[in-house]
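What follows is the content of work_33.txt (compact mmCIF, C-alpha atoms).
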```txt
# COMPACT_ATOMS: atom_id res chain seq x y z
CA ARG T 1 -27.37 0.42 -21.79
CA ASP T 2 -25.38 3.32 -20.37
CA GLY T 3 -26.96 4.47 -17.13
CA ASP T 4 -28.70 1.18 -16.30
CA THR T 5 -28.48 -0.57 -12.92
CA VAL T 6 -28.33 -4.34 -12.48
CA TYR T 7 -29.51 -5.49 -9.04
CA VAL T 8 -28.19 -8.76 -7.61
CA THR T 9 -30.34 -10.08 -4.76
CA ASN T 10 -28.78 -10.95 -1.43
CA ASN T 11 -28.74 -14.26 0.48
CA SER T 12 -27.63 -15.96 -2.74
CA THR T 13 -24.51 -17.50 -4.26
CA TYR T 14 -24.16 -17.32 -8.03
CA TYR T 15 -21.81 -19.85 -9.67
CA LEU T 16 -20.30 -18.54 -12.88
CA THR T 17 -19.09 -20.55 -15.85
CA ASN T 18 -17.85 -17.56 -17.84
CA GLN T 19 -16.35 -14.14 -17.27
CA VAL T 20 -18.84 -11.23 -17.08
CA ASP T 21 -17.75 -8.50 -19.51
CA ILE T 22 -18.91 -4.95 -18.86
CA SER T 23 -18.22 -2.35 -21.53
CA TYR T 24 -21.15 -0.01 -20.78
CA ALA T 25 -21.49 2.67 -18.10
CA ILE T 26 -23.71 0.54 -15.88
CA ASN T 27 -24.01 -0.03 -12.15
CA VAL T 28 -23.93 -3.66 -10.93
CA ARG T 29 -24.81 -3.81 -7.24
CA SER T 30 -26.16 -5.97 -4.45
CA TRP T 31 -29.68 -5.46 -3.23
CA ALA T 32 -30.81 -5.80 0.37
CA PRO T 33 -34.46 -5.38 1.46
CA ASP T 34 -33.67 -1.98 2.97
CA GLY T 35 -32.19 -0.83 -0.34
CA GLY T 36 -28.62 -0.94 0.94
CA LEU T 37 -25.62 -3.00 -0.06
CA ASP T 38 -25.07 -6.53 1.30
CA PRO T 39 -21.69 -7.90 0.18
CA ASP T 40 -21.60 -10.53 2.94
CA THR T 41 -24.48 -12.59 1.49
CA THR T 42 -24.37 -11.59 -2.19
CA ILE T 43 -21.70 -13.91 -3.53
CA LEU T 44 -20.38 -14.41 -7.05
CA ASN T 45 -18.36 -17.62 -7.17
CA GLY T 46 -15.95 -18.22 -10.05
CA ASN T 47 -16.48 -21.98 -9.64
CA TYR T 48 -12.79 -22.97 -9.60
CA PRO T 49 -11.57 -25.68 -10.25
CA ASP T 50 -14.55 -26.65 -12.43
CA THR T 51 -13.95 -23.47 -14.40
CA THR T 52 -10.87 -21.27 -14.76
CA ASN T 53 -12.32 -17.86 -15.48
CA ARG T 54 -12.12 -14.56 -13.68
CA ILE T 55 -15.42 -13.04 -12.57
CA PHE T 56 -15.49 -9.50 -14.05
CA PHE T 57 -13.83 -7.64 -16.89
CA LEU T 58 -14.51 -3.86 -16.84
CA ASN T 59 -13.78 -1.53 -19.74
CA ASN T 60 -15.78 1.66 -19.19
CA TYR T 61 -14.95 4.47 -16.79
CA GLY T 62 -18.66 4.76 -15.97
CA ALA T 63 -18.89 1.09 -14.91
CA TRP T 64 -19.34 0.35 -11.20
CA ILE T 65 -19.35 -2.89 -9.17
CA ARG T 66 -20.86 -2.28 -5.72
CA GLY T 67 -21.36 -4.41 -2.65
CA LEU T 68 -20.54 -7.94 -3.86
CA THR T 69 -18.34 -10.77 -2.63
CA LEU T 70 -16.13 -12.08 -5.44
CA THR T 71 -14.61 -15.44 -4.58
CA ASN T 72 -13.08 -18.53 -6.13
CA GLY T 73 -12.32 -16.76 -9.40
CA CYS T 74 -9.26 -17.78 -11.35
CA TRP T 75 -7.16 -16.39 -14.15
CA TRP T 76 -5.22 -19.34 -15.54
CA SER T 77 -2.95 -19.23 -18.54
CA THR T 78 -0.21 -21.49 -19.85
CA SER T 79 0.83 -19.10 -22.59
CA THR T 80 4.55 -18.47 -22.93
CA VAL T 81 4.11 -14.94 -24.28
CA ALA T 82 3.33 -11.73 -22.40
CA PRO T 83 -0.39 -10.88 -22.51
CA TRP T 84 -0.13 -8.32 -19.66
CA THR T 85 -3.07 -9.56 -17.68
CA GLY T 86 -4.21 -11.44 -14.59
CA GLY T 87 -6.66 -10.98 -11.74
CA GLY T 88 -8.71 -13.91 -10.51
CA ALA T 89 -11.68 -11.76 -9.45
CA ALA T 90 -11.51 -8.85 -11.91
CA HIS T 91 -9.48 -7.16 -14.60
CA ILE T 92 -10.23 -3.44 -14.71
CA ILE T 93 -9.13 -1.52 -17.78
CA LYS T 94 -11.47 1.33 -16.85
CA GLY T 95 -14.02 1.30 -14.04
CA HIS T 96 -14.66 1.22 -10.33
CA LEU T 97 -15.06 -1.31 -7.53
CA THR T 98 -16.49 -0.30 -4.17
CA ASN T 99 -17.71 -1.92 -0.93
CA CYS T 100 -16.74 -5.38 -2.15
CA VAL T 101 -15.04 -8.42 -0.60
CA LEU T 102 -12.48 -10.21 -2.77
CA SER T 103 -11.35 -13.45 -1.17
CA GLY T 104 -10.04 -16.86 -2.20
CA ASN T 105 -9.20 -15.87 -5.78
CA ARG T 106 -6.07 -16.90 -7.68
CA ASN T 107 -3.88 -16.03 -10.62
CA TYR T 108 -1.61 -18.46 -12.39
CA HIS T 109 0.39 -17.70 -15.49
CA ASN T 110 3.04 -19.89 -17.01
CA TYR T 111 4.78 -16.78 -18.35
CA GLY T 112 6.50 -15.31 -15.30
CA GLY T 113 6.78 -11.81 -16.70
CA THR T 114 6.72 -8.69 -14.54
CA ALA T 115 3.55 -7.41 -16.25
CA ASN T 116 1.29 -10.30 -15.17
CA GLY T 117 -0.24 -11.16 -11.81
CA GLY T 118 -2.81 -10.17 -9.24
CA GLY T 119 -4.50 -12.95 -7.29
CA ALA T 120 -7.69 -10.90 -7.00
CA LEU T 121 -7.31 -7.77 -9.16
CA PHE T 122 -5.43 -6.73 -12.25
CA LEU T 123 -5.56 -2.99 -12.97
CA GLY T 124 -4.42 -1.62 -16.31
CA GLY T 125 -2.34 -3.45 -18.84
CA GLY T 126 -1.58 -0.39 -20.95
CA ASN T 127 -1.53 3.40 -21.03
CA GLY T 128 -4.75 5.43 -20.97
CA ARG T 129 -6.38 3.16 -18.40
CA SER T 130 -7.66 4.23 -14.98
CA GLY T 131 -10.09 3.53 -12.16
CA THR T 132 -10.70 3.28 -8.41
CA VAL T 133 -11.03 0.58 -5.76
CA SER T 134 -12.58 1.88 -2.55
CA ASN T 135 -13.82 0.50 0.77
CA CYS T 136 -12.94 -3.05 -0.32
CA LYS T 137 -11.57 -6.01 1.61
CA ILE T 138 -9.00 -7.93 -0.45
CA THR T 139 -8.01 -10.96 1.58
CA GLY T 140 -6.71 -14.50 1.21
CA ASN T 141 -5.85 -14.39 -2.51
CA ILE T 142 -2.80 -15.89 -4.20
CA SER T 143 -0.73 -15.20 -7.29
CA THR T 144 1.41 -18.10 -8.51
CA ASN T 145 4.49 -17.36 -10.60
CA ASN T 146 3.57 -13.66 -10.83
CA GLY T 147 3.63 -10.64 -8.51
CA GLY T 148 0.80 -9.13 -6.49
CA GLY T 149 -0.85 -11.70 -4.26
CA GLY T 150 -3.87 -9.42 -3.96
CA VAL T 151 -3.51 -6.71 -6.62
CA LYS T 152 -1.39 -6.11 -9.71
CA VAL T 153 -1.16 -2.63 -11.26
CA CYS T 154 0.45 -2.37 -14.67
CA TYR T 155 0.77 0.95 -16.51
CA GLY T 156 -1.94 3.58 -16.91
CA GLY T 157 -3.49 5.78 -14.27
CA PRO T 158 -4.62 7.50 -12.25
CA TRP T 159 -5.32 4.43 -10.13
CA LEU T 160 -6.58 4.87 -6.56
CA LEU T 161 -7.02 2.30 -3.78
CA ASP T 162 -8.86 4.17 -1.04
CA ASN T 163 -9.73 2.91 2.45
CA CYS T 164 -9.10 -0.73 1.54
CA GLU T 165 -7.90 -3.71 3.57
CA LEU T 166 -5.26 -5.90 1.91
CA SER T 167 -4.58 -8.88 4.14
CA TYR T 168 -3.43 -12.53 4.10
CA ASN T 169 -2.56 -12.45 0.41
CA GLU T 170 0.46 -14.30 -0.97
CA THR T 171 2.65 -14.37 -4.04
CA THR T 172 5.00 -17.23 -4.88
CA ASN T 173 6.88 -15.20 -7.49
CA SER T 174 10.65 -15.38 -7.09
CA SER T 175 11.16 -11.82 -8.40
CA SER T 176 12.96 -9.54 -5.96
CA SER T 177 9.96 -7.15 -6.12
CA ALA T 178 7.06 -9.61 -5.97
CA GLY T 179 4.66 -7.85 -3.55
CA GLY T 180 2.58 -9.98 -1.18
CA ALA T 181 -0.46 -7.67 -1.16
CA LEU T 182 0.22 -5.47 -4.20
CA ASN T 183 2.72 -5.23 -7.01
CA ALA T 184 2.88 -2.11 -9.19
CA TYR T 185 4.85 -2.37 -12.39
CA VAL T 186 5.75 1.07 -13.81
CA PRO T 187 2.32 2.67 -13.27
CA VAL T 188 2.05 6.26 -14.38
CA ASP T 189 -0.10 7.28 -11.41
CA LEU T 190 -0.99 5.08 -8.43
CA GLU T 191 -2.00 5.98 -4.89
CA LEU T 192 -2.86 3.81 -1.90
CA ARG T 193 -4.69 6.07 0.54
CA ASP T 194 -5.89 5.25 4.07
CA CYS T 195 -5.32 1.52 3.53
CA GLN T 196 -4.59 -1.27 6.01
CA ILE T 197 -1.96 -3.66 4.64
CA PHE T 198 -1.21 -6.55 6.96
CA SER T 199 -0.29 -10.25 7.23
CA ASN T 200 0.69 -10.65 3.58
CA VAL T 201 3.55 -12.88 2.41
CA SER T 202 5.93 -12.62 -0.51
CA ARG T 203 8.28 -15.39 -1.56
CA ALA T 204 10.77 -12.65 -2.46
CA GLY T 205 10.63 -8.84 -2.02
CA GLY T 206 7.89 -6.55 -0.75
CA GLY T 207 6.05 -8.58 1.84
CA GLY T 208 3.37 -5.89 1.96
CA VAL T 209 3.63 -3.81 -1.21
CA SER T 210 6.08 -3.43 -4.07
CA MET T 211 6.12 -0.38 -6.34
CA SER T 212 8.85 -0.40 -8.97
CA THR T 213 8.43 3.09 -10.46
CA GLY T 214 6.12 5.85 -9.27
CA GLY T 215 3.32 5.37 -6.79
CA ARG T 216 2.34 6.90 -3.45
CA LEU T 217 1.48 5.53 -0.02
CA THR T 218 -0.61 8.05 1.91
CA ARG T 219 -1.74 7.49 5.51
CA CYS T 220 -1.38 3.71 5.28
CA ARG T 221 -0.77 1.23 8.08
CA ILE T 222 1.60 -1.50 6.95
CA TYR T 223 2.23 -4.22 9.53
CA GLY T 224 2.83 -7.90 10.10
CA ASN T 225 3.94 -8.63 6.53
CA MET T 226 6.77 -10.98 5.55
CA SER T 227 9.37 -11.21 2.80
CA ARG T 228 10.85 -14.69 2.64
CA ALA T 229 13.96 -14.11 0.52
CA SER T 230 14.53 -10.45 -0.36
CA GLY T 231 14.15 -6.86 0.78
CA GLY T 232 11.24 -4.81 2.09
CA GLY T 233 9.26 -6.77 4.63
CA GLY T 234 6.73 -3.94 4.68
CA ALA T 235 7.37 -2.05 1.44
CA TYR T 236 9.71 -2.35 -1.54
CA LEU T 237 9.90 1.18 -2.98
CA GLY T 238 11.46 1.83 -6.38
CA ASN T 239 12.23 4.95 -8.36
CA LYS T 240 10.19 8.13 -7.75
CA THR T 241 8.03 6.53 -5.06
CA LEU T 242 6.63 8.36 -2.03
CA ALA T 243 5.48 7.23 1.41
CA ARG T 244 3.84 9.95 3.51
CA ASN T 245 2.15 9.89 6.96
CA CYS T 246 2.41 6.09 7.16
CA LEU T 247 2.91 3.72 10.09
CA ILE T 248 5.14 0.76 9.17
CA TYR T 249 5.71 -1.76 11.96
CA ASN T 250 6.21 -5.43 12.88
CA ASN T 251 7.24 -6.46 9.36
CA THR T 252 9.93 -9.09 8.72
CA CYS T 253 12.52 -10.07 6.13
CA LEU T 254 13.62 -13.60 6.85
CA PRO T 255 17.43 -14.06 7.07
CA SER T 256 17.95 -15.47 3.58
CA GLY T 257 18.76 -13.93 0.22
CA SER T 258 18.91 -10.11 0.13
CA SER T 259 17.30 -9.56 3.52
CA ILE T 260 17.48 -5.75 3.58
CA GLY T 261 15.00 -3.29 5.07
CA GLY T 262 12.55 -4.97 7.40
CA GLY T 263 10.23 -1.98 7.17
CA VAL T 264 11.21 -0.36 3.85
CA TYR T 265 13.72 -1.25 1.15
CA PHE T 266 15.09 1.10 -1.50
CA PRO T 267 16.74 -1.08 -4.18
CA SER T 268 19.55 -0.23 -6.57
CA GLY T 269 19.14 2.81 -8.80
CA THR T 270 16.09 4.24 -7.06
CA ASN T 271 15.26 7.76 -5.99
CA GLY T 272 12.50 7.62 -3.37
CA LEU T 273 11.13 9.83 -0.60
CA ILE T 274 9.68 9.06 2.85
CA GLN T 275 8.04 11.89 4.79
CA ASN T 276 6.50 11.91 8.27
CA CYS T 277 6.44 8.16 8.74
CA THR T 278 6.90 6.10 11.89
CA ILE T 279 8.91 2.92 11.26
CA TYR T 280 9.04 0.70 14.33
CA SER T 281 9.78 -2.89 15.41
CA ASN T 282 10.65 -4.30 12.00
CA THR T 283 13.32 -6.97 11.46
CA SER T 284 15.78 -7.94 8.72
CA THR T 285 19.37 -9.03 8.23
CA TYR T 286 20.56 -5.55 7.20
CA GLY T 287 18.66 -2.44 8.26
CA GLY T 288 15.75 -3.52 10.42
CA GLY T 289 13.92 -0.25 9.79
CA ILE T 290 15.07 0.93 6.34
CA GLY T 291 17.65 -0.50 3.97
CA PHE T 292 19.24 1.44 1.11
CA TYR T 293 21.09 -0.47 -1.58
CA ASN T 294 22.97 1.56 -4.22
CA SER T 295 20.18 4.15 -4.20
CA THR T 296 19.80 7.89 -3.69
CA SER T 297 16.92 8.43 -1.28
CA PHE T 298 15.41 11.03 1.03
CA VAL T 299 14.00 10.55 4.54
CA GLU T 300 12.31 13.52 6.20
CA ASN T 301 10.50 14.10 9.52
CA CYS T 302 10.51 10.37 10.31
CA VAL T 303 10.81 8.32 13.48
CA LEU T 304 12.96 5.19 12.98
CA TRP T 305 13.04 3.40 16.29
CA GLY T 306 13.00 -0.01 17.96
CA ASN T 307 13.85 -1.98 14.83
CA GLU T 308 16.03 -5.10 14.94
CA TYR T 309 18.63 -6.79 12.76
CA TYR T 310 20.23 -10.22 12.32
CA VAL T 311 23.66 -8.90 11.23
CA THR T 312 23.88 -5.09 11.33
CA GLY T 313 21.90 -1.86 11.19
CA SER T 314 19.00 -1.74 13.64
CA ASN T 315 17.08 1.30 12.38
CA TYR T 316 18.85 1.90 9.06
CA TRP T 317 21.56 0.47 6.85
CA LEU T 318 23.31 1.80 3.73
CA SER T 319 25.34 -0.07 1.18
CA PRO T 320 28.67 1.66 0.38
CA GLU T 321 27.31 2.96 -2.94
CA ALA T 322 24.07 4.36 -1.49
CA LYS T 323 23.50 8.03 -0.74
CA VAL T 324 20.83 9.12 1.71
CA TYR T 325 19.64 12.56 2.78
CA MET T 326 18.09 12.34 6.25
CA THR T 327 16.42 15.53 7.49
CA ASN T 328 14.81 16.20 10.90
CA CYS T 329 14.54 12.54 11.85
CA CYS T 330 14.62 10.73 15.18
CA THR T 331 16.75 7.60 15.05
CA ALA T 332 19.84 5.91 16.44
CA PRO T 333 22.74 5.71 16.08
CA ASP T 334 23.26 9.39 15.34
CA PRO T 335 23.00 9.76 11.53
CA ALA T 336 25.47 12.64 11.57
CA ALA T 337 28.20 10.24 12.66
CA TYR T 338 27.40 7.47 10.19
CA GLY T 339 29.64 8.36 7.26
CA ALA T 340 30.00 10.47 4.14
CA ASN T 341 27.18 8.78 2.23
CA LEU T 342 24.56 9.75 4.84
CA ILE T 343 23.91 13.50 4.83
CA ALA T 344 22.07 14.29 8.07
CA THR T 345 20.41 17.61 8.94
CA ASN T 346 18.81 18.43 12.32
CA CYS T 347 18.44 14.79 13.34
CA ILE T 348 18.23 13.57 16.93
CA ASP T 349 19.04 10.20 18.52
CA ASP T 350 16.89 10.60 21.65
CA ASP T 351 14.11 8.19 22.63
CA PRO T 352 10.94 9.39 20.83
CA VAL T 353 8.85 8.73 23.99
CA PHE T 354 5.70 7.20 22.58
CA ALA T 355 2.41 7.61 24.44
CA PRO T 356 1.65 4.78 26.91
CA ALA T 357 -1.43 3.70 24.92
CA GLY T 358 0.88 1.67 22.69
CA ASP T 359 -0.38 3.01 19.36
CA LEU T 360 2.94 4.80 18.62
CA ARG T 361 1.53 8.29 18.97
CA LEU T 362 3.83 10.83 20.59
CA SER T 363 3.57 11.74 24.25
CA PRO T 364 3.51 15.43 25.30
CA ASP T 365 7.15 15.34 26.40
CA SER T 366 8.46 13.66 23.24
CA PRO T 367 11.49 15.38 21.67
CA CYS T 368 9.82 14.75 18.29
CA VAL T 369 7.00 17.22 18.98
CA ASN T 370 7.46 20.41 16.93
CA ALA T 371 10.83 19.11 15.74
CA GLY T 372 10.11 18.57 12.05
CA VAL T 373 10.57 20.83 9.06
CA ASN T 374 7.44 22.36 7.52
CA ARG T 375 6.62 21.81 3.86
CA GLU T 376 4.00 23.40 1.64
CA TRP T 377 1.96 20.17 1.24
CA MET T 378 1.23 20.07 4.98
CA ASP T 379 -1.11 23.09 5.06
CA ALA T 380 -4.09 21.11 3.73
CA GLU T 381 -2.97 17.67 4.92
CA ILE T 382 -3.99 15.49 7.88
CA ASP T 383 -1.97 12.98 9.87
CA LEU T 384 -2.63 9.26 10.29
CA ASN T 385 -5.34 9.95 12.90
CA GLY T 386 -7.12 12.51 10.73
CA LEU T 387 -5.87 15.54 12.65
CA SER T 388 -4.32 18.62 11.06
CA ARG T 389 -0.74 17.88 10.07
CA ILE T 390 0.35 21.19 11.62
CA ASP T 391 -1.33 22.12 14.90
CA ARG T 392 -2.74 25.63 15.21
CA PHE T 393 -0.89 26.54 18.40
CA MET T 394 2.75 25.92 17.53
CA ARG T 395 2.55 25.88 13.71
CA ARG T 396 5.47 23.44 13.57
CA VAL T 397 5.14 19.90 12.28
CA ASP T 398 6.09 16.91 14.42
CA MET T 399 8.27 13.97 13.45
CA GLY T 400 6.50 10.73 12.62
CA ALA T 401 3.06 9.76 11.37
CA PHE T 402 1.08 11.40 14.19
CA GLU T 403 0.75 15.05 15.12
CA TYR T 404 0.51 15.87 18.80
CA HIS T 405 -2.21 18.46 19.41
CA HIS T 406 -2.06 20.45 22.62
CA ALA T 407 -5.26 20.54 24.66
CA GLY T 408 -6.77 23.92 25.50
CA LEU T 409 -8.56 26.91 24.06
CA MET T 410 -7.40 29.58 21.67
CA PHE T 411 -8.78 33.12 21.82
CA ARG T 412 -8.30 35.71 19.12
CA LEU T 413 -8.51 39.34 20.20
CA ARG T 414 -9.10 42.06 17.66
```
So that I can check it, write out the structure of this file as structure tokens.
Amino acid sequence: RDGDTVYVTNNSTYYLTNQVDISYAINVRSWAPDGGLDPDTTILNGNYPDTTNRIFFLNNYGAWIRGLTLTNGCWWSTSTVAPWTGGGAAHIIKGHLTNCVLSGNRNYHNYGGTANGGGALFLGGGNGRSGTVSNCKITGNISTNNGGGGVKVCYGGPWLLDNCELSYNETTNSSSSAGGALNAYVPVDLELRDCQIFSNVSRAGGGGVSMSTGGRLTRCRIYGNMSRASGGGGAYLGNKTLARNCLIYNNTCLPSGSSIGGGVYFPSGTNGLIQNCTIYSNTSTYGGGIGFYNSTSFVENCVLWGNEYYVTGSNYWLSPEAKVYMTNCCTAPDPAAYGANLIATNCIDDDPVFAPAGDLRLSPDSPCVNAGVNREWMDAEIDLNGLSRIDRFMRRVDMGAFEYHHAGLMFRLR
């Protein structure tokens, strides 16, 4: 009944032969002797290949899954019509998942539509659907013939992935926007906040994440992902998408197909925005850092540095039909001298001088310190390290994902 709790004892593996449907506002959680959660030893196994069922189906906003490992689940369908579903571990129409491990799950659907997928999770499937995934590790899942090696989001919202790890997931979808860790297909409201997205692989675009319309990346670290045959080794960002206070580095687009934007790719017809991001040491054929193809996009307060290319455009590259507004950024070559389709304001092409620790924070003598343009959203915002986005001494935002805070004391005399 609504309000009940189901306890699942630890040090046990439970082999399922059917999907567990939850339509009540109940709490399903692991139970350790000290009363805490124990996802490492409380394991629900979908029993693939003996069975081809996902593990959970949630359809109540008051439903919670807490502290479980969900593994070896499978969503398998040979239908040739579009059911808008997937998720080997769980399909959430409404509900919440927290402190869970989702590993070794798979999605296969014979219908290769854009609305199916999610090796581990499928969120949505229609309007009026919403939920959260927090403090979860989503790793080593695969989606065959559909996007979202780890997670698929399709319509609905608000959806929130908070403080999650998405790693070593893979999609074999040939779509240009497949998404190795996550694929979002026209969600109304999606945010990835404080997430680590690394070592994912996409057969086509979006080695890390792919968001076709809408969606926000907030304080995420996106690194070591790969796109095999399209754009966006780190992120494939479509229309009305936003990346803010993110670190995007060491991602790769292999030199085949539309290898554009090793860090970030803005495809044709999009209108996206990147603010206060550091994009470093990514590689692709065109535009090692960011690639813009027939899109109108905005880049603000960003550091684009140390990226590499196979043909042209180390830190950025624009197709002839693209139009980009670059404001208060640190990159080279000088954006102001690029051409008429790149409108540059207050940009610099000096070395950003990162701190010697190697974590891409700014050193005290960096030209990027206090060189950004302030925006209203920054007053209550923090940077990638959890510090105030605008320091109290200078009251001027820095370029990049990290804010340099001067050491010392402040006295107020009245």
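When only C-alpha atoms are used to compute distances to Gly67 (chain T), the closest of the residues T:Val209, T:Ile93, T:Val101, T:Ala332 turns out to be T:Val101.
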Exercise. Hey, which of T:Gly62, T:Gly119, T:Gly180, T:Gly215 ends up closest to Ile22 (chain T)? Count all atoms listed in the file.
Worked result: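 Checking each candidate against Ile22 (chain T), we get T:Gly62 as the closest.
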For this session: Enumerate, as an NGL selection string, the protein, DNA and RNA residues whose atoms approach (-3.6, -21.8, -17.6) to within 10 Å, taking into account only C-alpha atoms and the coordinate frame of the file.
Result: :T and (52-53 or 74-79 or 107-111)
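Interatomic distance, CA of Leu123 (chain T) to CA of Leu16 (chain T): 21.4 Å.
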Problem set entry | Selection near Lys323 (chain T), 6 Å with all atoms listed in the file, sequence-local residues under 4 positions removed, as a PyMOL selection string | chain T and resi 296+341-342
Problem set entry | One-decimal distance in Å that lies between CA of Gly288 (chain T) and CA of Gly372 (chain T) |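 Computed distance, CA of Gly372 (chain T) to CA of Gly288 (chain T), equals 22.9 Å.
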Exercise. Restricting the calculation to all atoms listed in the file, which member of T:Thr144, T:Arg221, T:Asp38, T:Asn60 is positioned closest to Thr98 (chain T)?
Worked result: T:Asp38
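Proximity ranking of T:Leu58, T:Leu273, T:Val299, T:Leu362 relative to Pro335 (chain T) places T:Val299 first, based on all atoms listed in the file.
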Problem set entry | 9 Å contact set for Asn346 (chain T), only C-alpha atoms, chain neighbours under 4 positions out, as a list in words |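 So the residues in contact are Met326, Thr327, Asn328, Cys329, Ala336, Ala371 and Gly372 of chain T.
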For this session: Would you please work out which residue, of T:Gly272, T:Gly262, T:Gly339, T:Pro39, is nearest to Asn307 (chain T) when using all atoms listed in the file?
Result: T:Gly262
Neighbour list for Asp398 (chain T) as a PDB file with C-alpha atoms, in the coordinates of the input, cut-off 10 Å, only C-alpha atoms, skip fewer than 6 positions in-chain:
```pdb
ATOM      1  CA  ASN T 276       6.500  11.910   8.270  1.00  0.00           C
ATOM      2  CA  ASN T 301      10.500  14.100   9.520  1.00  0.00           C
ATOM      3  CA  CYS T 302      10.510  10.370  10.310  1.00  0.00           C
ATOM      4  CA  VAL T 303      10.810   8.320  13.480  1.00  0.00           C
ATOM      5  CA  ASN T 328      14.810  16.200  10.900  1.00  0.00           C
ATOM      6  CA  CYS T 329      14.540  12.540  11.850  1.00  0.00           C
ATOM      7  CA  LEU T 362       3.830  10.830  20.590  1.00  0.00           C
ATOM      8  CA  SER T 366       8.460  13.660  23.240  1.00  0.00           C
ATOM      9  CA  PRO T 367      11.490  15.380  21.670  1.00  0.00           C
ATOM     10  CA  CYS T 368       9.820  14.750  18.290  1.00  0.00           C
ATOM     11  CA  VAL T 369       7.000  17.220  18.980  1.00  0.00           C
ATOM     12  CA  ASN T 370       7.460  20.410  16.930  1.00  0.00           C
ATOM     13  CA  ALA T 371      10.830  19.110  15.740  1.00  0.00           C
ATOM     14  CA  GLY T 372      10.110  18.570  12.050  1.00  0.00           C
ATOM     15  CA  VAL T 373      10.570  20.830   9.060  1.00  0.00           C
ATOM     16  CA  ASN T 374       7.440  22.360   7.520  1.00  0.00           C
ATOM     17  CA  ARG T 389      -0.740  17.880  10.070  1.00  0.00           C
ATOM     18  CA  ILE T 390       0.350  21.190  11.620  1.00  0.00           C
ATOM     19  CA  ASP T 391      -1.330  22.120  14.900  1.00  0.00           C
ATOM     20  CA  TYR T 404       0.510  15.870  18.800  1.00  0.00           C
ATOM     21  CA  HIS T 405      -2.210  18.460  19.410  1.00  0.00           C
TER      22      HIS T 405
END
```
For this session: Quick one: everything within 9 Å of Trp305 (chain T), counting all atoms listed in the file, minus sequence neighbours fewer than 6 positions away in the same chain. Send it as a ChimeraX atom specification.
Result: /T:278-281,289,314-315,330-332,351-352
For this session: Using only C-alpha atoms, pick whichever of T:Ala344, T:Asp365, T:Ser177, T:Ile290 has the shortest atom-to-atom distance to Leu318 (chain T).
Result: T:Ile290
For this session: In the coordinate frame of the file, compute which residues have an atom within 9 Å of (-19.2, -6.6, -10.3) when using all atoms listed in the file, and state them as a list of chain:residue names.
Result: T:Val20, T:Ile22, T:Asn27, T:Val28, T:Arg29, T:Leu44, T:Ile55, T:Phe56, T:Phe57, T:Leu58, T:Ala63, T:Trp64, T:Ile65, T:Arg66, T:Gly67, T:Leu68, T:Thr69, T:Leu70, T:Ala90, T:Leu97, T:Cys100
